[in-house]
Every structure is written in structure tokens, then in C-alpha cells.
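Peer 1: To be precise about what I am sending: the file is called query.csv and holds CSV, C-alpha atoms.
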```csv
chain,number,residue,atom,x,y,z
A,1,MET,CA,1.8,6.9,-1.8
A,2,LEU,CA,-0.4,3.9,-1.0
A,3,LYS,CA,0.8,1.4,1.6
A,4,LEU,CA,-0.7,-2.0,1.7
A,5,ASP,CA,-0.3,-4.8,4.3
A,6,TYR,CA,-1.0,-8.4,3.2
A,7,ASP,CA,-0.7,-10.8,6.1
A,8,TYR,CA,-0.7,-14.6,5.8
A,9,ILE,CA,-1.2,-14.9,2.0
A,10,ALA,CA,0.6,-17.1,-0.5
A,11,TYR,CA,3.0,-15.8,-3.0
A,12,SER,CA,0.6,-16.8,-5.9
A,13,GLU,CA,-2.2,-14.8,-4.2
A,14,LEU,CA,0.1,-11.8,-3.8
A,15,MET,CA,1.0,-11.9,-7.5
A,16,LYS,CA,-2.7,-12.0,-8.4
A,17,ARG,CA,-3.3,-8.9,-6.3
A,18,VAL,CA,-0.2,-7.2,-7.8
A,19,GLU,CA,-1.5,-7.9,-11.4
A,20,PHE,CA,-4.8,-6.3,-10.4
A,21,ILE,CA,-3.1,-3.3,-8.9
A,22,ARG,CA,-0.8,-2.9,-12.0
A,23,ALA,CA,-3.9,-2.8,-14.2
A,24,ASP,CA,-5.2,0.2,-12.3
A,25,PRO,CA,-4.3,3.6,-13.8
A,26,ILE,CA,-3.5,5.0,-10.4
A,27,CYS,CA,-0.4,2.8,-10.1
A,28,LYS,CA,3.0,4.1,-11.1
A,29,THR,CA,5.4,1.8,-9.3
A,30,ILE,CA,4.9,-1.1,-6.8
A,31,ASP,CA,7.6,-1.8,-4.3
A,32,ILE,CA,7.1,-5.3,-2.8
A,33,ARG,CA,8.8,-6.2,0.5
A,34,GLN,CA,8.6,-9.1,2.9
A,35,SER,CA,7.3,-7.8,6.3
A,36,PRO,CA,9.7,-7.7,9.2
A,37,SER,CA,7.8,-10.4,11.1
A,38,CYS,CA,7.9,-12.5,7.9
A,39,ASN,CA,4.2,-13.3,8.0
A,40,GLY,CA,3.2,-11.4,4.9
A,41,TYR,CA,4.1,-8.6,2.5
A,42,HIS,CA,4.2,-4.9,2.5
A,43,LEU,CA,3.4,-3.0,-0.8
A,44,TYR,CA,4.4,0.6,-1.4
A,45,ILE,CA,2.6,1.9,-4.4
A,46,GLU,CA,3.6,5.2,-5.9
A,47,THR,CA,0.6,6.8,-7.4
A,48,THR,CA,0.2,8.7,-10.6
A,49,ARG,CA,-1.6,11.5,-8.8
A,50,GLU,CA,-1.9,12.9,-5.3
A,51,LEU,CA,-4.6,11.2,-3.2
A,52,ASN,CA,-6.5,12.6,-0.3
A,53,TRP,CA,-7.3,10.6,2.8
A,54,ASN,CA,-10.7,9.4,1.7
A,55,GLN,CA,-9.3,8.3,-1.7
A,56,THR,CA,-6.5,6.5,0.0
A,57,ILE,CA,-8.9,4.5,2.1
A,58,GLU,CA,-11.0,3.7,-1.0
A,59,TYR,CA,-8.0,2.4,-2.9
A,60,ARG,CA,-6.8,0.5,0.2
A,61,LYS,CA,-10.2,-1.2,0.3
A,62,LEU,CA,-10.1,-1.9,-3.4
A,63,PHE,CA,-6.6,-3.4,-3.3
A,64,LYS,CA,-7.6,-5.6,-0.3
A,65,ASP,CA,-5.4,-4.0,2.3
A,66,ASP,CA,-5.7,-5.6,5.8
A,67,GLY,CA,-9.2,-4.7,7.0
A,68,GLN,CA,-8.3,-4.4,10.6
A,69,ARG,CA,-5.6,-1.9,9.7
A,70,ILE,CA,-8.1,0.3,7.8
A,71,VAL,CA,-10.5,0.3,10.7
A,72,LEU,CA,-7.7,1.2,13.1
A,73,ASP,CA,-6.4,4.0,10.8
A,74,LEU,CA,-9.9,5.5,10.7
A,75,LEU,CA,-9.9,5.7,14.4
A,76,LYS,CA,-6.4,7.1,14.8
A,77,THR,CA,-5.1,10.6,15.2
A,78,GLU,CA,-3.5,12.4,12.3
A,79,ASN,CA,0.1,11.7,13.5
A,80,CYS,CA,0.4,8.0,13.2
A,81,LYS,CA,-1.9,6.9,10.5
A,82,ASP,CA,-1.1,4.4,7.7
A,83,VAL,CA,2.1,3.1,9.2
A,84,LEU,CA,4.0,0.0,8.1
A,85,PHE,CA,7.0,-0.9,10.2
A,86,SER,CA,10.1,-1.4,8.2
A,87,LEU,CA,12.1,-2.4,11.3
A,88,ARG,CA,10.9,-4.3,14.3
A,89,VAL,CA,12.5,-5.1,17.6
A,90,HIS,CA,11.0,-7.9,19.6
A,91,LYS,CA,12.8,-9.4,22.7
A,92,GLY,CA,16.0,-7.8,21.5
A,93,ILE,CA,15.8,-9.4,18.1
A,94,VAL,CA,15.9,-6.8,15.2
A,95,THR,CA,14.1,-7.8,12.0
A,96,LYS,CA,13.8,-5.7,8.9
A,97,GLU,CA,11.8,-5.6,5.8
A,98,ILE,CA,13.3,-7.6,2.9
A,99,LYS,CA,13.1,-6.0,-0.5
A,100,MET,CA,11.7,-8.4,-3.1
A,101,LEU,CA,10.6,-6.6,-6.2
A,102,LYS,CA,10.1,-3.1,-7.6
A,103,ILE,CA,7.7,-3.0,-10.5
A,104,SER,CA,7.3,0.0,-12.8
A,105,VAL,CA,4.1,0.1,-14.7
B,1,MET,CA,-19.8,-19.6,-32.2
B,2,PHE,CA,-19.6,-16.1,-33.2
B,3,ASN,CA,-20.8,-15.4,-36.7
B,4,ALA,CA,-18.9,-12.8,-38.7
B,5,LYS,CA,-22.1,-11.5,-40.3
B,6,TYR,CA,-23.2,-10.1,-36.9
B,7,ASP,CA,-20.0,-8.0,-36.8
B,8,ASN,CA,-21.6,-5.5,-39.1
B,9,PRO,CA,-24.5,-4.3,-36.9
B,10,LEU,CA,-22.0,-3.8,-34.0
B,11,ASP,CA,-19.5,-2.1,-36.2
B,12,ASP,CA,-22.1,0.3,-37.4
B,13,PHE,CA,-23.2,0.9,-33.9
B,14,THR,CA,-19.7,1.6,-32.5
B,15,ARG,CA,-18.9,3.8,-35.5
B,16,ASN,CA,-22.0,5.9,-34.8
B,17,ASN,CA,-21.7,5.9,-31.0
B,18,LEU,CA,-18.2,6.7,-29.8
B,19,ALA,CA,-19.1,6.2,-26.2
B,20,PHE,CA,-21.0,3.0,-25.5
B,21,SER,CA,-21.2,0.4,-22.8
B,22,ARG,CA,-21.3,-3.4,-23.0
B,23,THR,CA,-25.1,-3.3,-22.3
B,24,ASP,CA,-25.5,-1.1,-25.4
B,25,LEU,CA,-23.9,-3.8,-27.6
B,26,GLU,CA,-26.0,-6.4,-26.0
B,27,ASN,CA,-29.1,-4.4,-26.7
B,28,VAL,CA,-28.1,-4.0,-30.4
B,29,LEU,CA,-27.7,-7.8,-30.8
B,30,SER,CA,-30.9,-8.4,-28.8
B,31,GLY,CA,-32.8,-6.0,-31.1
B,32,LEU,CA,-31.8,-8.0,-34.1
B,33,GLY,CA,-34.2,-10.7,-33.1
B,34,ILE,CA,-32.0,-13.5,-34.3
B,35,TYR,CA,-31.3,-15.1,-31.0
B,36,THR,CA,-34.1,-17.6,-30.7
B,37,GLY,CA,-32.3,-20.4,-28.9
B,38,LYS,CA,-33.0,-21.7,-25.4
B,39,THR,CA,-30.6,-19.2,-23.7
B,40,PRO,CA,-30.5,-16.1,-25.9
B,41,THR,CA,-29.0,-13.9,-23.2
B,42,ARG,CA,-26.0,-16.2,-22.8
B,43,SER,CA,-25.5,-16.3,-26.6
B,44,ILE,CA,-25.7,-12.5,-26.8
B,45,ASN,CA,-23.1,-12.1,-24.0
B,46,ARG,CA,-20.8,-14.6,-25.6
B,47,ASP,CA,-21.0,-12.8,-29.0
B,48,VAL,CA,-20.5,-9.4,-27.4
B,49,ILE,CA,-17.4,-10.7,-25.6
B,50,LYS,CA,-16.1,-12.2,-28.9
B,51,TYR,CA,-16.6,-8.9,-30.7
B,52,LEU,CA,-14.9,-6.9,-28.0
B,53,ARG,CA,-11.9,-9.3,-27.9
B,54,LYS,CA,-11.6,-9.2,-31.6
B,55,ASN,CA,-11.7,-5.4,-31.9
B,56,TYR,CA,-10.4,-4.0,-28.7
B,57,PRO,CA,-7.0,-5.2,-27.4
B,58,GLU,CA,-7.8,-4.5,-23.7
B,59,PHE,CA,-10.4,-7.3,-23.9
B,60,GLU,CA,-7.9,-9.7,-25.5
B,61,LYS,CA,-8.0,-13.1,-23.8
B,62,LEU,CA,-4.6,-14.6,-23.0
B,63,THR,CA,-4.0,-18.3,-23.1
B,64,THR,CA,-2.9,-20.0,-19.9
B,65,LYS,CA,0.6,-20.2,-21.3
B,66,GLU,CA,0.6,-16.5,-22.0
B,67,VAL,CA,-0.7,-15.6,-18.6
B,68,LYS,CA,2.1,-17.7,-17.0
B,69,GLU,CA,4.7,-16.0,-19.2
B,70,THR,CA,3.3,-12.6,-18.1
B,71,LYS,CA,3.7,-13.5,-14.5
B,72,ASP,CA,7.2,-14.9,-14.9
B,73,LYS,CA,8.4,-12.0,-17.1
B,74,PRO,CA,11.4,-10.3,-15.4
B,75,VAL,CA,10.2,-7.0,-14.0
B,76,LYS,CA,11.8,-3.7,-14.6
B,77,LYS,CA,13.9,-2.6,-11.6
B,78,THR,CA,14.7,1.0,-11.0
B,79,GLY,CA,18.2,1.3,-9.7
B,80,GLY,CA,20.6,4.0,-8.6
B,81,ALA,CA,20.6,6.2,-5.6
B,82,PRO,CA,17.3,7.3,-4.1
B,83,PRO,CA,16.2,10.8,-5.2
B,84,THR,CA,17.2,13.6,-2.9
B,85,GLY,CA,15.0,16.5,-1.8
B,86,LEU,CA,12.1,14.2,-0.8
B,87,TRP,CA,10.7,14.4,2.7
B,88,TYR,CA,10.5,11.3,4.9
B,89,LYS,CA,8.6,10.7,8.1
B,90,LYS,CA,10.5,8.6,10.6
B,91,LEU,CA,8.3,7.2,13.3
B,92,LEU,CA,9.0,5.0,16.2
B,93,LYS,CA,6.2,3.4,18.1
B,94,THR,CA,6.2,1.0,21.0
B,95,GLY,CA,4.3,-2.2,21.4
B,96,THR,CA,5.1,-3.0,25.0
B,97,THR,CA,7.2,-1.3,27.6
B,98,LYS,CA,8.3,-2.8,30.9
B,99,THR,CA,9.8,-2.0,34.2
B,100,THR,CA,12.4,-4.3,35.8
B,101,LYS,CA,9.5,-6.2,37.5
B,102,TRP,CA,6.5,-6.1,35.3
B,103,GLU,CA,5.1,-5.2,31.9
B,104,THR,CA,3.6,-1.8,31.6
B,105,SER,CA,1.1,-0.3,29.2
B,106,THR,CA,2.8,2.9,28.4
B,107,LYS,CA,2.4,3.9,24.7
B,108,VAL,CA,5.2,5.8,23.2
B,109,GLU,CA,5.1,7.5,19.8
B,110,ILE,CA,7.9,9.7,18.4
B,111,PHE,CA,8.4,11.0,14.9
B,112,THR,CA,10.5,13.4,12.9
B,113,TYR,CA,10.7,14.6,9.3
B,114,GLU,CA,13.9,14.6,7.3
B,115,GLN,CA,14.9,15.3,3.7
B,116,ASN,CA,16.8,12.0,3.3
B,117,ASP,CA,16.1,8.4,4.1
B,118,GLU,CA,18.8,7.8,6.8
B,119,CYS,CA,18.0,5.4,9.6
B,120,ARG,CA,16.9,7.3,12.7
B,121,TYR,CA,15.7,4.4,14.8
B,122,LEU,CA,18.3,4.8,17.6
B,123,SER,CA,18.1,8.6,17.6
B,124,LEU,CA,14.3,8.4,18.2
B,125,MET,CA,14.6,5.6,20.7
B,126,GLU,CA,17.2,7.5,22.8
B,127,ALA,CA,15.2,10.7,22.8
B,128,ALA,CA,12.1,8.8,23.9
B,129,LEU,CA,13.9,6.9,26.7
B,130,LYS,CA,15.3,10.3,28.0
B,131,GLU,CA,11.8,11.5,28.7
B,132,MET,CA,10.5,8.2,30.2
B,133,ASP,CA,10.5,7.1,33.8
B,134,TYR,CA,14.0,5.8,34.5
B,135,THR,CA,12.6,2.4,35.7
B,136,GLU,CA,10.9,1.8,32.4
B,137,GLU,CA,12.4,0.4,29.2
B,138,ILE,CA,11.1,-0.2,25.7
B,139,ALA,CA,10.5,-3.9,25.1
B,140,GLU,CA,9.0,-4.0,21.7
B,141,THR,CA,9.1,-1.3,19.0
B,142,GLY,CA,8.4,-0.7,15.3
B,143,TYR,CA,10.2,1.8,13.2
B,144,SER,CA,8.9,3.2,9.9
B,145,SER,CA,10.3,5.5,7.4
B,146,SER,CA,8.1,6.6,4.5
B,147,ARG,CA,7.8,9.5,2.1
B,148,ASP,CA,5.7,12.3,3.4
B,149,SER,CA,5.6,15.7,1.8
B,150,ALA,CA,4.0,17.2,5.0
B,151,GLY,CA,7.6,17.4,6.4
B,152,GLU,CA,8.3,20.5,4.4
B,153,PHE,CA,6.0,22.6,6.5
B,154,SER,CA,6.3,20.7,9.8
B,155,PRO,CA,8.0,22.2,12.9
B,156,TYR,CA,9.3,18.7,13.7
B,157,GLN,CA,12.1,18.5,11.2
B,158,PHE,CA,15.3,16.7,12.2
B,159,GLU,CA,16.8,17.4,14.8
B,160,SER,CA,13.4,18.3,16.3
B,161,ALA,CA,10.9,15.5,16.9
B,162,PHE,CA,7.4,15.1,18.4
B,163,LEU,CA,7.1,12.8,21.3
B,164,LYS,CA,4.0,11.5,23.1
B,165,ILE,CA,4.1,9.2,26.1
B,166,GLU,CA,0.7,8.0,27.2
B,167,SER,CA,-0.4,5.6,29.8
B,168,VAL,CA,-3.1,3.4,28.3
B,169,LYS,CA,-4.5,2.1,31.6
B,170,GLY,CA,-4.5,5.4,33.4
B,171,GLY,CA,-5.6,7.3,30.3
B,172,TYR,CA,-3.3,10.2,30.9
B,173,THR,CA,-0.4,11.7,28.9
B,174,SER,CA,2.8,12.1,30.8
B,175,PHE,CA,4.7,13.9,28.0
B,176,GLU,CA,3.6,15.5,24.8
B,177,GLY,CA,5.7,17.9,22.8
B,178,ALA,CA,9.0,18.6,21.0
B,179,VAL,CA,12.3,16.9,21.9
B,180,THR,CA,15.7,17.2,20.3
B,181,LEU,CA,17.3,14.3,18.6
B,182,GLU,CA,21.0,13.5,18.4
B,183,ASP,CA,22.6,12.2,15.3
B,184,THR,CA,23.8,8.7,16.2
B,185,ASN,CA,25.3,7.9,12.7
B,186,GLU,CA,23.3,4.7,12.3
B,187,THR,CA,23.9,2.1,9.6
B,188,PRO,CA,21.1,2.1,7.0
B,189,CYS,CA,18.0,0.4,8.1
```
Let's see the structure in the file written out as C-alpha cells.

Peer 2:
Amino acid sequence: MLKLDYDYIAYSELMKRVEFIRADPICKTIDIRQSPSCNGYHLYIETTRELNWNQTIEYRKLFKDDGQRIVLDLLKTENCKDVLFSLRVHKGIVTKEIKMLKISV
Amino acid sequence: MFNAKYDNPLDDFTRNNLAFSRTDLENVLSGLGIYTGKTPTRSINRDVIKYLRKNYPEFEKLTTKEVKETKDKPVKKTGGAPPTGLWYKKLLKTGTTKTTKWETSTKVEIFTYEQNDECRYLSLMEAALKEMDYTEEIAETGYSSSRDSAGEFSPYQFESAFLKIESVKGGYTSFEGAVTLEDTNETPC
């Protein structure tokens, strides 16, 4: 599964990127959610084949995942790589991801 | 404009060469020697594109209206209960932790694997707090649950979890290892 984080982008830009991802043969389904902090979108892409770590990074770059996130993931240990928070607690306020769309290709 | 009479050389070429690139088509048209205008390359490119759009549906150009319709088309939604038997990795990670007096820089990471997608935020949180200094509390956290087939062979399957408590400033790890989780019957995340 590919996980993408798009922060601070407009809905129209998001849909442009989704169209691009849909056209790629690797994509099986795309689950689009609003991020818990409401400053962007989280995309969960089910792939048509299993990807290794290097391929995952390549696809994340191709699909314009947050660059900072890619860099940090390359520096991280095995345990906590490629994480997108579905629930966030900040100053006692709990925010969750909001499901938007699930697209089957 | 594209002239139909030039279809033939490209047709012949594509018939005889099943695998070809766009450059090959451009070379065929270029070799004809009929592009004598001011910008022959541009004309060749235009004609190749026209040929591809005419003969290969993947090159078909949509009108603005059609593009808009494509975007607005209702998408297929997959419904029903989530499939069972899949492994999920549930992870809880802190942003900041604090004592009663000041913010600290302790980093906490705890995860477990489970075969269903129940919310385990509180279970993980409580297990982490048990191992932390009693004066410290978790101020900011993120929880993630995502499919991960590695869970099948991991020793950290629910109710076991892997916890790491690390002091960022001091650079030392105060706890690293397995902990046991309690089922807190949480509402879905």
C-alpha cells in the first residue's frame, strides 16, 4: 500500500493528482481522506502488486508525496516508517481523518 | 492540418513494426521529404499526434467539457464490512510530552499488530504511560492504523506491543522492549 500526504493543496490540484495516479497501472484503489489537522489530504493507494521499499519511495516521488516526509522516512528506523496519523490529539482535542472518496480503478 | 494521404506511410510502418516509438513515427514522416515549411519539426509532431489520436484510443484528446464530466463522474464506492484476516499495524507516537512544570523532549513510540482494524489508541497510550516517569504525561500524540502483512510473523501481535521511550536531548533510551496491552473496548477510530 502506498500512503501519500498532500499538505496545503487545493481540491482541484488534489483531483489533478488523483487523475494522474489513476492512470498509472500500479493503482488499484485510491482512498482519499482529509487529514486530522485539516490542512491537507491523505491518500491510501492499494497497489496491483507488492512493492519493495525502494519502489515505494520511487512511486511516492512520482505521485508528489510530501518531500520532507520522504526525506525523514529515508532516515528513520524500520519500525516507524511511512506513517500517516489517522487520529491526532493536541491539547486535549481529538481530531480524526475524514473519509472523502474511495475510487476503484 | 493533417492530410489523410500521409496516413498510409504511417499505417505501413506500424503494420510492419509492432513495437515502435513516437520518434520512429516522426522519423518516417521526416524521411518523406514533404515537410518543407518554415517549421518542419513542429508540423511533423502535429501530424504524428493527429495520427496517434485517430488510431489509438489512449491518445484520444478529450474536449474541455468531456474532461469536466470525467472529473465530476460519480466514483465507484466499495461498501460492506472490511475484509477480515488482514494484518494491521497500530502505532502511537508522541509529538511532545510534559511534566507538571515544563515541556520535555521524551519521544515515545509504541506499536502492535492485529488481525482486525479495531481502534487501539487508548490501549497503546495506557501501556506507554505505565512505563513512563510518573511525573510525565503525553501532551500531543498521533495514532495510525494501516495494513501491514509483516504482522503475521511479528512477535508483537496484540496483546503484545513494542515500546520505545527515548530522551531526545540526553540521547538515551529509557525503555525499549515488549509490553502487554489491555483491551479497553474502544469505540472505532

Peer 1: Pull the neighbourhood of (6.8, -6.5, 5.8) for me: all residues within 9 Å in file coordinates, counting only C-alpha atoms, as a ChimeraX atom specification.

Peer 2: /A:5-7,32-43,84-87,96-99

Peer 1: Find the residue from B:Leu124, B:Asn8, B:Cys119, B:Asn16 that sits nearest to Thr94 (chain B); use all atoms listed in the file when measuring.

Peer 2: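 Counting all atoms listed in the file, the residue closest to Thr94 (chain B) is B:Leu124.
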
Peer 1: Dump as a PyMOL selection string the residues of chain A that approach chain B to within 9 Å, counting all atoms listed in the file.

Peer 2: chain A and resi 1+15-16+19+79-80+83-92+96-97+101-105

Peer 1: CA of Val48 (chain B) and CA of Arg22 (chain B), how far apart in Å?

Peer 2: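 Separation of CA of Arg22 (chain B) and CA of Val48 (chain B): 7.5 Å.
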
Peer 1: If we count all atoms listed in the file and set the cut-off at 9 Å, which residues sit around Glu46 (chain A), ignoring sequence neighbours fewer than 2 positions away in its own chain? Please answer as number ranges by chain.

Peer 2: A: 1-3, 26-31, 44, 48-49

Peer 1: How many Å lie between CA of Trp53 (chain A) and CA of Ile70 (chain A), rounded to one decimal?

Peer 2: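 Rounded to one decimal, the two atoms are 11.5 Å apart.
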
Peer 1: Residues within 9 Å of (11.4, 9.6, 26.8), file coordinates, counting all atoms listed in the file: what are they? Give the list as a VMD selection string.

Peer 2: chain B and resid 108 125 to 134 163 to 165 175 179

Peer 1: Which distance in Å separates CA of Phe63 (chain A) and CA of Ile21 (chain A), to one decimal?

Peer 2: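 CA of Ile21 (chain A) lies 6.6 Å from CA of Phe63 (chain A).
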
Peer 1: Given the block above, output chain A with C-alpha atoms as a PDB file, in the first residue's frame.

Peer 2:
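Saved file result28.pdb follows:
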```pdb
ATOM      1  CA  MET A   1       0.000   0.000   0.000  1.00  0.00           C
ATOM      2  CA  LEU A   2       1.213   3.469  -0.894  1.00  0.00           C
ATOM      3  CA  LYS A   3       0.476   6.302   1.502  1.00  0.00           C
ATOM      4  CA  LEU A   4       0.668   9.871   0.309  1.00  0.00           C
ATOM      5  CA  ASP A   5       0.433  13.090   2.250  1.00  0.00           C
ATOM      6  CA  TYR A   6      -0.593  16.256   0.440  1.00  0.00           C
ATOM      7  CA  ASP A   7      -0.463  19.341   2.635  1.00  0.00           C
ATOM      8  CA  TYR A   8      -1.820  22.766   1.759  1.00  0.00           C
ATOM      9  CA  ILE A   9      -3.143  21.984  -1.709  1.00  0.00           C
ATOM     10  CA  ALA A  10      -6.443  22.961  -3.294  1.00  0.00           C
ATOM     11  CA  TYR A  11      -9.119  20.387  -4.062  1.00  0.00           C
ATOM     12  CA  SER A  12      -8.676  20.970  -7.801  1.00  0.00           C
ATOM     13  CA  GLU A  13      -4.948  20.240  -7.508  1.00  0.00           C
ATOM     14  CA  LEU A  14      -5.742  17.127  -5.483  1.00  0.00           C
ATOM     15  CA  MET A  15      -8.077  15.848  -8.207  1.00  0.00           C
ATOM     16  CA  LYS A  16      -5.434  16.534 -10.861  1.00  0.00           C
ATOM     17  CA  ARG A  17      -3.010  14.388  -8.911  1.00  0.00           C
ATOM     18  CA  VAL A  18      -5.650  11.705  -8.387  1.00  0.00           C
ATOM     19  CA  GLU A  19      -6.295  11.578 -12.156  1.00  0.00           C
ATOM     20  CA  PHE A  20      -2.565  11.144 -12.708  1.00  0.00           C
ATOM     21  CA  ILE A  21      -2.391   8.341 -10.138  1.00  0.00           C
ATOM     22  CA  ARG A  22      -5.461   6.637 -11.586  1.00  0.00           C
ATOM     23  CA  ALA A  23      -3.810   6.480 -14.986  1.00  0.00           C
ATOM     24  CA  ASP A  24      -0.859   4.547 -13.574  1.00  0.00           C
ATOM     25  CA  PRO A  25      -1.140   0.748 -13.885  1.00  0.00           C
ATOM     26  CA  ILE A  26       0.125   0.296 -10.308  1.00  0.00           C
ATOM     27  CA  CYS A  27      -3.060   1.783  -8.887  1.00  0.00           C
ATOM     28  CA  LYS A  28      -5.938  -0.480  -7.834  1.00  0.00           C
ATOM     29  CA  THR A  29      -7.940   1.688  -5.447  1.00  0.00           C
ATOM     30  CA  ILE A  30      -7.451   5.160  -4.014  1.00  0.00           C
ATOM     31  CA  ASP A  31      -8.840   6.053  -0.617  1.00  0.00           C
ATOM     32  CA  ILE A  32      -8.886   9.822  -0.138  1.00  0.00           C
ATOM     33  CA  ARG A  33      -9.221  11.292   3.340  1.00  0.00           C
ATOM     34  CA  GLN A  34      -8.952  14.710   4.885  1.00  0.00           C
ATOM     35  CA  SER A  35      -6.006  14.822   7.282  1.00  0.00           C
ATOM     36  CA  PRO A  36      -6.795  15.100  11.024  1.00  0.00           C
ATOM     37  CA  SER A  37      -5.239  18.555  11.217  1.00  0.00           C
ATOM     38  CA  CYS A  38      -7.441  19.578   8.240  1.00  0.00           C
ATOM     39  CA  ASN A  39      -4.543  21.119   6.372  1.00  0.00           C
ATOM     40  CA  GLY A  40      -4.401  18.618   3.555  1.00  0.00           C
ATOM     41  CA  TYR A  41      -5.260  15.166   2.322  1.00  0.00           C
ATOM     42  CA  HIS A  42      -4.142  11.614   2.958  1.00  0.00           C
ATOM     43  CA  LEU A  43      -4.249   9.132   0.098  1.00  0.00           C
ATOM     44  CA  TYR A  44      -4.111   5.386   0.636  1.00  0.00           C
ATOM     45  CA  ILE A  45      -3.377   3.632  -2.634  1.00  0.00           C
ATOM     46  CA  GLU A  46      -3.848  -0.076  -2.920  1.00  0.00           C
ATOM     47  CA  THR A  47      -1.375  -1.348  -5.474  1.00  0.00           C
ATOM     48  CA  THR A  48      -1.783  -4.026  -8.106  1.00  0.00           C
ATOM     49  CA  ARG A  49       1.456  -5.661  -6.993  1.00  0.00           C
ATOM     50  CA  GLU A  50       3.637  -5.814  -3.908  1.00  0.00           C
ATOM     51  CA  LEU A  51       6.236  -3.039  -3.772  1.00  0.00           C
ATOM     52  CA  ASN A  52       9.565  -3.087  -2.022  1.00  0.00           C
ATOM     53  CA  TRP A  53      10.845  -0.087  -0.075  1.00  0.00           C
ATOM     54  CA  ASN A  54      12.802   1.444  -2.977  1.00  0.00           C
ATOM     55  CA  GLN A  55       9.866   1.127  -5.338  1.00  0.00           C
ATOM     56  CA  THR A  56       7.588   2.681  -2.720  1.00  0.00           C
ATOM     57  CA  ILE A  57       9.907   5.673  -2.472  1.00  0.00           C
ATOM     58  CA  GLU A  58      10.045   5.965  -6.278  1.00  0.00           C
ATOM     59  CA  TYR A  59       6.255   5.940  -6.555  1.00  0.00           C
ATOM     60  CA  ARG A  60       5.902   8.418  -3.696  1.00  0.00           C
ATOM     61  CA  LYS A  61       8.230  10.784  -5.537  1.00  0.00           C
ATOM     62  CA  LEU A  62       6.352  10.245  -8.790  1.00  0.00           C
ATOM     63  CA  PHE A  63       2.998  10.927  -7.126  1.00  0.00           C
ATOM     64  CA  LYS A  64       4.328  14.081  -5.448  1.00  0.00           C
ATOM     65  CA  ASP A  65       4.193  12.949  -1.847  1.00  0.00           C
ATOM     66  CA  ASP A  66       5.412  15.463   0.749  1.00  0.00           C
ATOM     67  CA  GLY A  67       9.170  15.743   0.079  1.00  0.00           C
ATOM     68  CA  GLN A  68      10.040  16.338   3.718  1.00  0.00           C
ATOM     69  CA  ARG A  69       8.197  13.158   4.650  1.00  0.00           C
ATOM     70  CA  ILE A  70      10.183  11.149   2.102  1.00  0.00           C
ATOM     71  CA  VAL A  71      13.473  12.531   3.426  1.00  0.00           C
ATOM     72  CA  LEU A  72      12.534  11.771   7.033  1.00  0.00           C
ATOM     73  CA  ASP A  73      11.386   8.259   6.124  1.00  0.00           C
ATOM     74  CA  LEU A  74      14.725   7.578   4.472  1.00  0.00           C
ATOM     75  CA  LEU A  75      16.436   8.496   7.735  1.00  0.00           C
ATOM     76  CA  LYS A  76      14.127   6.568  10.028  1.00  0.00           C
ATOM     77  CA  THR A  77      14.379   3.153  11.592  1.00  0.00           C
ATOM     78  CA  GLU A  78      12.373   0.235  10.212  1.00  0.00           C
ATOM     79  CA  ASN A  79       9.657   0.408  12.862  1.00  0.00           C
ATOM     80  CA  CYS A  80       8.053   3.739  12.195  1.00  0.00           C
ATOM     81  CA  LYS A  81       8.455   4.453   8.521  1.00  0.00           C
ATOM     82  CA  ASP A  82       5.738   5.729   6.222  1.00  0.00           C
ATOM     83  CA  VAL A  83       3.245   6.753   8.896  1.00  0.00           C
ATOM     84  CA  LEU A  84       0.130   8.831   8.353  1.00  0.00           C
ATOM     85  CA  PHE A  85      -1.769   9.654  11.505  1.00  0.00           C
ATOM     86  CA  SER A  86      -5.456   8.822  11.315  1.00  0.00           C
ATOM     87  CA  LEU A  87      -6.099  10.279  14.773  1.00  0.00           C
ATOM     88  CA  ARG A  88      -4.397  13.196  16.451  1.00  0.00           C
ATOM     89  CA  VAL A  89      -4.590  14.533  19.966  1.00  0.00           C
ATOM     90  CA  HIS A  90      -3.410  18.059  20.522  1.00  0.00           C
ATOM     91  CA  LYS A  91      -4.090  19.998  23.733  1.00  0.00           C
ATOM     92  CA  GLY A  92      -6.790  17.505  24.612  1.00  0.00           C
ATOM     93  CA  ILE A  93      -8.625  17.920  21.333  1.00  0.00           C
ATOM     94  CA  VAL A  94      -9.045  14.728  19.351  1.00  0.00           C
ATOM     95  CA  THR A  95      -9.229  15.046  15.580  1.00  0.00           C
ATOM     96  CA  LYS A  96      -9.678  12.222  13.137  1.00  0.00           C
ATOM     97  CA  GLU A  97      -9.258  11.627   9.446  1.00  0.00           C
ATOM     98  CA  ILE A  98     -12.404  12.297   7.441  1.00  0.00           C
ATOM     99  CA  LYS A  99     -13.223   9.824   4.703  1.00  0.00           C
ATOM    100  CA  MET A 100     -13.911  11.574   1.406  1.00  0.00           C
ATOM    101  CA  LEU A 101     -13.779   9.193  -1.527  1.00  0.00           C
ATOM    102  CA  LYS A 102     -12.778   5.694  -2.442  1.00  0.00           C
ATOM    103  CA  ILE A 103     -12.007   5.257  -6.098  1.00  0.00           C
ATOM    104  CA  SER A 104     -11.683   1.871  -7.752  1.00  0.00           C
ATOM    105  CA  VAL A 105      -9.710   1.909 -10.979  1.00  0.00           C
TER     106      VAL A 105
END
```
